[in-house]
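Participant: Starting off with a structure, shown below.
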Amino acid sequence: MEYDRYCDLTMRGGTTSGVVYPLAVASLARHYEFKQIGGASAGAIAAGFTAAAERGRASGGFEKLAALIDWFTSGSGAERWRLAQLFQPTDKTRALYRIVVATMQKRETTGRSVISCLFFALLGAVGMRAKTVLALMALLWLGGPVLWSAWLAPKVYPAWLTTVVLLLALACVVLVLWPLRGSLPWIGWVFVAVPLVLGLAFSRHYATAAVVLLVWLVLTLAAVSALTITYGYAMQRYLRNNARSIHFGLIPGTGDFTPSWLDRLAGVPKSTGVPPLADWIADRLDELAGTEHALTFGDLGDINLVLMTTDLSEGRPHRLPFKESWQYCEECLAYVLPRRVVEQMNGAESRANCPLHEHMPLRELPSRELLPVVVAVRMSLSFPGLIAAVPLCRDGRVHWFSDGGITSNFPIHFFDSLLPRWPTFGLSLQPYPNGDTAEVWLPEQDASTKGTRYASLTSMPRFLLSILDTFLDWRDTMQSALPGYRGRIAHVRQAEDEGGTNLFMPPATIRRLALRGQRAGDLLRERFQQQQNTDRYRWIRLRMAVREYQELGVQAEDREAMYSELLERFEIPEELHEWFRTPPADGDPYREEIEVALDHVGRLKDDGPFDGVPPVDPDLRLTPPE
């Protein structure tokens with residue numbers, strides 16, 4: 001059967017977890033031709049690459065796609081961090097980006113300490129006046145105990161006061177330092193010990209030593225407060241003045257960035273010629289598809305690529321490419337997209353100017369046929385705070401588009417229908433469940449709950465993270481668990497140091513994740529290559545669809561009289577005449593056809609239970625378009 005060689009594909013977002021997808025897609029492509037492809041966030045990159053590879057199948061598109069994993073994992077030295085090098089800040093955002101990168105350092109992977117990198121990142125994040133204040137505070141913190149013990153401490157204390165103060169001081173030191181015993185490196189202990197040792201060395205009495213400890217604790221609290229206030233104020237002032245100009249993100253996706261010596265000390269990898277993220281995506285799309293210009297949706301022919309983005313200004317999701325008309329500013333888009341792509345769009349000028357750049361005229365966003373694919377991919381992967389949002393305009397107002405994963409990180413519903421012709425495969429990501437070491441999980445084609453995602457909540461951070469995950473993913477999670485869905489979604493498991501926002505994954509880790517993705521693709525292909533499994537999938541969907549039709553029939557029979565009587569007397573208002581090709585003159589022009597339809601649907605009603613369907617009973621309802 002011809003349809004058995006076709007499939008649709010949807011991929012979950014996950015920032016660096018996108019390395020899972022190339023080998024998985026290449027595995028599926030050995031048997032299937034991709035007809036519809038969707039994704040959000042990092043899944044949008046993979047979806048765009050899959051569509052481009054399908055377009056360039058005859059010229060080795062899928063071989064080129066699989067070769068991306070070799071590019072990420074074949075380097076040595078600084079080239080080992082090609083994944084991290086794709087994320088390049090601007091001069092305006094590099095100070096904040098250093099702090100983000102510093103927190104990602106691990107001695108066992110990058111060979112750098114978080115503490116040392118964070119020290120240099122924080123040092124470069126404030127101006128000279130703030131540096132002066134912090135330097136004076138550091139000198140006071142180091143020298144305060146010495147000064148106290150050498151010149152200011154009294155020589156004689158009552159014995160009882162000596163004992164009380166000494167015990168109190170030691171208890172305070174233990175309470176402050178003991179929780180840090182596992183995370184404070186040796187250099188941190190040196191900074192802690194210096195003021196104490198010097199102060200005690202100048203002490204001439206036990207009570208003086210106790211007071212030295214208390215002075216040091218007071219100065220430590222003062223130093224921490226000074227750091228918090230200084231950096232909090234600097235951050236607040238920076239974001240107040242620059243948030244919109246940096247598009248609410250540290251990484252624009254294009255530009256010309258070369259790490260400085262301070263960037264390198266903070267953990268930013270040395271440049272090896274890797275282009276910025278959006279430039280790299282645009283180049284790879286063209287290479288996979290075999291086009292000499294920026295790949296457009298029109299170039300894809302009958303391949304239907306659909307991506308998810310989120311309009312934060314209106315608080316709603318959008319499917320890309322748009323069906324509505326939008327406008328763009330060349331200067332705004334040139335900040336987040338390669339200049340060659342913006343120039344190729346060459347939209348018609350409008351009479352209005354950009355609200356953000358008053359000297360720049362707004363241009364009409366091209367239609368689907370002429371819209372470059374990289375524009376949609378870039379709009380879908382704007383990870384909040386890290387990757388800059390994309391501004392477009394409509395009705396003279398700016399709309400900020402951010403990560404598609406905000407509203408649907410795994411849009412498995414994109415290509416769904418009650419009676420599908422072929423399966424929509426899903427490639428998803430999940431953590432390892434408790435006690436389960438399987439790296440890839442392909443659920444059964446039934447209503448089993450085996451393998452259902454479960455998080456053990458053992459701490460407050462995990463509890464809060466679970467709230468966020470549930471808030472963002474509950475709809476996708478429930479949709480994925482339905483019979484007729486679950487058996488065609490392969491889940492790739494990840495450990496905490498794999499995928500996600502781990503920019504500094506070693507080549508071995510990237511290769512390991514990619515091979516898990518390949519295994520997921522193999523499992524899906526091997527299951528549905530067998531005709532009996534494809535038939536089983538279609539039968540489950542058929543039986544669920546008929547049950548939904550039956551429930552609709554119950555409503556039609558019970559309420560047929562109500563709606564038939566409505567059709568007899570209802571005069572359609574003039575405001576609704578535009579719904580018809582020919583304005584109605586006397587009631588609903590399709591009254592008789594509607595009555596026949598209601599009558600026939602009502603005959604589907606059955607007095608008894610409908611056998612042969614899973615115990616899960618989904619809802620059939622109208623939902624707004626995305």
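Each chain in the structure tokens gets a letter, A, B and so on, in the order shown; residues start at 1 in every chain, and ligands are counted from 1 in the order they appear.
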Which residues come within 10 Å of range 282-298 of chain A, counting only C-alpha atoms, excluding same-chain residues fewer than 4 positions away, as a VMD selection string?
Facilitator: chain A and resid 45 48 to 65 68 275 277 to 278 302 to 306 321 337 to 338 340 to 342 344 to 345 367 to 378
Participant: Counting only C-alpha atoms, what is within 10 Å of Ala352 in chain A, bar same-chain residues fewer than 6 positions away, as a PyMOL selection string?
Facilitator: chain A and resi 327+358+360-363+395-396
Participant: Those residues you just picked out, can you put them in a file as a PDB file, in the first residue's frame with N, CA, C and O atoms?
Facilitator:
```pdb
ATOM      1  N   GLN A 327       4.186  42.391   9.438  1.00  0.00           N
ATOM      2  CA  GLN A 327       5.201  43.301   8.927  1.00  0.00           C
ATOM      3  C   GLN A 327       6.481  43.146   9.742  1.00  0.00           C
ATOM      4  O   GLN A 327       6.448  42.710  10.897  1.00  0.00           O
ATOM      5  N   GLU A 358      12.367  54.337  14.405  1.00  0.00           N
ATOM      6  CA  GLU A 358      11.436  55.241  13.728  1.00  0.00           C
ATOM      7  C   GLU A 358      11.895  55.659  12.343  1.00  0.00           C
ATOM      8  O   GLU A 358      11.099  56.121  11.536  1.00  0.00           O
ATOM      9  N   MET A 360      13.145  53.544  10.179  1.00  0.00           N
ATOM     10  CA  MET A 360      13.071  52.375   9.295  1.00  0.00           C
ATOM     11  C   MET A 360      11.626  52.091   8.912  1.00  0.00           C
ATOM     12  O   MET A 360      10.758  51.932   9.780  1.00  0.00           O
ATOM     13  N   PRO A 361      11.340  52.001   7.601  1.00  0.00           N
ATOM     14  CA  PRO A 361       9.971  51.649   7.179  1.00  0.00           C
ATOM     15  C   PRO A 361       9.703  50.165   7.432  1.00  0.00           C
ATOM     16  O   PRO A 361      10.601  49.322   7.334  1.00  0.00           O
ATOM     17  N   LEU A 362       8.475  49.846   7.755  1.00  0.00           N
ATOM     18  CA  LEU A 362       8.074  48.454   7.902  1.00  0.00           C
ATOM     19  C   LEU A 362       7.856  47.835   6.525  1.00  0.00           C
ATOM     20  O   LEU A 362       7.429  48.507   5.583  1.00  0.00           O
ATOM     21  N   ARG A 363       8.169  46.539   6.421  1.00  0.00           N
ATOM     22  CA  ARG A 363       7.976  45.802   5.177  1.00  0.00           C
ATOM     23  C   ARG A 363       7.012  44.643   5.403  1.00  0.00           C
ATOM     24  O   ARG A 363       6.904  44.135   6.519  1.00  0.00           O
ATOM     25  N   ASP A 395      -0.783  46.175  12.859  1.00  0.00           N
ATOM     26  CA  ASP A 395      -1.626  47.275  13.334  1.00  0.00           C
ATOM     27  C   ASP A 395      -0.812  48.322  14.094  1.00  0.00           C
ATOM     28  O   ASP A 395      -1.288  48.914  15.067  1.00  0.00           O
ATOM     29  N   GLY A 396       0.434  48.531  13.655  1.00  0.00           N
ATOM     30  CA  GLY A 396       1.270  49.573  14.256  1.00  0.00           C
ATOM     31  C   GLY A 396       1.846  49.223  15.615  1.00  0.00           C
ATOM     32  O   GLY A 396       2.427  50.082  16.278  1.00  0.00           O
TER      33      GLY A 396
END
```
Participant: Could you pull out the strand (DSSP E or B) residues of range 310-453 of chain A from DSSP and send them as a PyMOL selection string?
Facilitator: chain A and resi 310-311+316-320+327-328+349-353+361-364+372+385-387+390-394+397-402+424-431+440-441
Participant: Tell me which protein, DNA and RNA residues are within 9 Å of Val398 in chain A, counting only C-alpha atoms, leaving out same-chain ones fewer than 3 positions away, and put them as a PyMOL selection string.
Facilitator: chain A and resi 313+354-356+391-395
Participant: Could you turn the residues from that selection into a file that holds N, CA and C atoms, as an mmCIF file, in the first residue's frame?
Facilitator:
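And here is the file that came out, out-v9.cif:
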```
data_model
loop_
_atom_site.group_PDB
_atom_site.id
_atom_site.type_symbol
_atom_site.label_atom_id
_atom_site.label_comp_id
_atom_site.auth_asym_id
_atom_site.auth_seq_id
_atom_site.Cartn_x
_atom_site.Cartn_y
_atom_site.Cartn_z
ATOM 1 N N SER A 313 3.196 39.032 23.320
ATOM 2 C CA SER A 313 2.426 40.275 23.388
ATOM 3 C C SER A 313 0.934 39.999 23.463
ATOM 4 N N CYS A 354 8.814 51.525 11.755
ATOM 5 C CA CYS A 354 8.971 50.611 12.884
ATOM 6 C C CYS A 354 8.863 51.377 14.201
ATOM 7 N N PRO A 355 8.055 50.916 15.158
ATOM 8 C CA PRO A 355 7.970 51.606 16.453
ATOM 9 C C PRO A 355 9.282 51.588 17.229
ATOM 10 N N LEU A 356 10.159 50.607 16.931
ATOM 11 C CA LEU A 356 11.438 50.510 17.644
ATOM 12 C C LEU A 356 12.543 51.289 16.950
ATOM 13 N N PRO A 391 10.933 40.305 16.984
ATOM 14 C CA PRO A 391 9.800 41.236 16.890
ATOM 15 C C PRO A 391 9.222 41.321 15.480
ATOM 16 N N LEU A 392 7.899 41.249 15.384
ATOM 17 C CA LEU A 392 7.173 41.549 14.160
ATOM 18 C C LEU A 392 6.092 42.568 14.505
ATOM 19 N N CYS A 393 5.508 43.178 13.494
ATOM 20 C CA CYS A 393 4.523 44.250 13.740
ATOM 21 C C CYS A 393 3.207 43.949 13.021
ATOM 22 N N ARG A 394 2.136 44.412 13.664
ATOM 23 C CA ARG A 394 0.807 44.359 13.059
ATOM 24 C C ARG A 394 -0.028 45.459 13.689
ATOM 25 N N ASP A 395 -0.783 46.175 12.859
ATOM 26 C CA ASP A 395 -1.626 47.275 13.334
ATOM 27 C C ASP A 395 -0.812 48.322 14.094
#
```
Participant: Applying 10 Å and only C-alpha atoms, which residues near Ala95 in chain A remain after dropping the ones on its own chain fewer than 2 positions away? List them as an MDAnalysis selection string.
Facilitator: chainID A and resid 89:93 97:100 121:126 250 262:263 266
Participant: Could you turn the residues from that selection into a file that holds C-alpha atoms, as a tab-separated table (two decimals), in the first residue's frame?
Facilitator:
```
chain	number	residue	atom	x	y	z
A	89	PRO	CA	26.58	37.02	22.67
A	90	THR	CA	27.03	40.61	21.58
A	91	ASP	CA	29.30	43.23	23.15
A	92	LYS	CA	26.25	44.47	25.03
A	93	THR	CA	25.39	41.09	26.52
A	97	TYR	CA	26.66	35.77	29.28
A	98	ARG	CA	29.97	35.21	31.08
A	99	ILE	CA	28.05	34.64	34.32
A	100	VAL	CA	25.73	32.11	32.62
A	121	ALA	CA	32.68	36.69	35.33
A	122	LEU	CA	31.44	38.77	38.27
A	123	LEU	CA	34.56	40.91	38.18
A	124	GLY	CA	33.85	41.90	34.60
A	125	ALA	CA	30.11	42.41	35.09
A	126	VAL	CA	30.29	45.80	36.89
A	250	LEU	CA	21.68	37.24	25.62
A	262	LEU	CA	38.20	37.92	30.26
A	263	ASP	CA	35.58	35.84	28.42
A	266	ALA	CA	35.08	33.05	32.71
```
Participant: Fewer than 4 positions away in the same chain doesn't count, so skip those; otherwise give me all residues within 10 Å of Ala585 in chain A, counting only C-alpha atoms, as a PyMOL selection string.
Facilitator: chain A and resi 571-572+574+577+589
Participant: Please measure the separation of CA of Ala67 in chain A and CA of Ala514 in chain A, giving the value in Å to one decimal.
Facilitator: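 Rounded to one decimal, the two atoms are 11.2 Å apart.
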Participant: I'd like the contact shell of range 10-23 of chain A - 8 Å cut-off, only C-alpha atoms, skipping same-chain residues fewer than 3 positions apart - returned as an mmCIF file with C-alpha atoms, in the first residue's frame.
Facilitator:
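Contents of the output file part.cif:
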```cif
data_model
loop_
_atom_site.group_PDB
_atom_site.id
_atom_site.type_symbol
_atom_site.label_atom_id
_atom_site.label_comp_id
_atom_site.auth_asym_id
_atom_site.auth_seq_id
_atom_site.Cartn_x
_atom_site.Cartn_y
_atom_site.Cartn_z
ATOM 1 C CA ALA A 26 18.063 9.224 9.214
ATOM 2 C CA SER A 27 16.920 5.835 10.527
ATOM 3 C CA ILE A 37 7.055 17.646 9.898
ATOM 4 C CA GLY A 38 6.618 19.730 13.032
ATOM 5 C CA GLY A 39 8.381 20.820 16.174
ATOM 6 C CA ALA A 40 9.018 23.534 18.709
ATOM 7 C CA SER A 41 12.178 25.112 20.137
ATOM 8 C CA ALA A 42 15.137 22.776 19.471
ATOM 9 C CA GLY A 43 12.621 20.429 17.858
ATOM 10 C CA ALA A 44 11.987 23.197 15.321
ATOM 11 C CA ILE A 45 15.651 23.086 14.263
ATOM 12 C CA ALA A 46 15.397 19.326 13.798
ATOM 13 C CA ALA A 47 12.090 19.691 11.930
ATOM 14 C CA LEU A 65 22.014 15.298 8.259
ATOM 15 C CA ALA A 66 23.601 12.294 9.980
ATOM 16 C CA LEU A 68 26.183 16.723 11.661
ATOM 17 C CA ILE A 69 26.837 14.428 14.629
ATOM 18 C CA LEU A 83 28.003 23.126 20.400
ATOM 19 C CA LEU A 381 13.743 28.521 19.272
ATOM 20 C CA PHE A 383 14.608 30.178 24.620
ATOM 21 C CA GLY A 405 7.879 25.440 23.914
ATOM 22 C CA ASN A 409 6.939 21.942 23.610
ATOM 23 C CA PHE A 410 5.805 18.739 21.899
ATOM 24 C CA PRO A 411 3.016 19.582 19.410
ATOM 25 C CA ILE A 412 2.109 15.967 18.630
ATOM 26 C CA PHE A 414 -0.216 19.174 14.713
ATOM 27 C CA THR A 424 2.549 10.716 12.918
ATOM 28 C CA PHE A 425 5.702 9.586 14.697
ATOM 29 C CA GLY A 426 6.873 11.448 17.756
ATOM 30 C CA LEU A 427 10.413 11.754 19.117
ATOM 31 C CA SER A 428 10.273 12.875 22.726
ATOM 32 C CA LEU A 429 12.662 13.379 25.645
ATOM 33 C CA VAL A 492 14.767 9.097 24.658
ATOM 34 C CA GLU A 498 22.778 15.436 29.246
ATOM 35 C CA GLY A 499 20.844 17.702 26.897
ATOM 36 C CA GLY A 500 18.748 20.580 28.206
ATOM 37 C CA THR A 501 20.849 23.683 28.777
ATOM 38 C CA ASN A 502 24.118 21.735 29.122
ATOM 39 C CA LEU A 503 26.061 23.656 26.470
ATOM 40 C CA ILE A 510 26.789 14.038 22.328
ATOM 41 C CA LEU A 513 22.682 10.858 22.952
ATOM 42 C CA ALA A 514 22.721 10.703 19.155
ATOM 43 C CA LEU A 515 22.986 6.909 19.214
ATOM 44 C CA ARG A 516 20.026 6.746 21.607
ATOM 45 C CA GLY A 517 18.105 8.794 19.056
ATOM 46 C CA GLN A 518 19.107 6.346 16.349
ATOM 47 C CA GLY A 521 14.198 5.745 15.152
#
```
Participant: Which of range 361-406 of chain A counts as alpha helix (DSSP H) under DSSP, as a list in words please?
Facilitator: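 Taking range 361-406 of chain A and keeping alpha helix (DSSP H) gives Val373, Val374, Val375, Ala376, Val377, Arg378, Met379 and Ser380 of chain A.
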Participant: Using only C-alpha atoms, which of A:Gln531, A:Gln105, A:Ser459, A:Ser382 sits nearest Ile406 in chain A?
Facilitator: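 Between A:Gln531, A:Gln105, A:Ser459, A:Ser382, the residue approaching Ile406 in chain A most closely is A:Ser382.
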Participant: For CA of Arg493 in chain A and CA of Thr437 in chain A, quote the distance in Å rounded to one decimal.
Facilitator: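 CA of Thr437 in chain A lies 8.8 Å from CA of Arg493 in chain A.
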Participant: So how far away is CA of Thr309 in chain A from CA of His247 in chain A, in Å?
Facilitator: 15.5 Å
Participant: I'd like the neighbourhood of range 534-546 of chain A as a PyMOL selection string, where a residue qualifies if any of its atoms comes within 12 Å (using only C-alpha atoms), though same-chain residues fewer than 6 positions away should be ignored.
Facilitator: chain A and resi 1+3-7+416-425+444-447+482-488+524-528+552-553+601+604-606+610-620
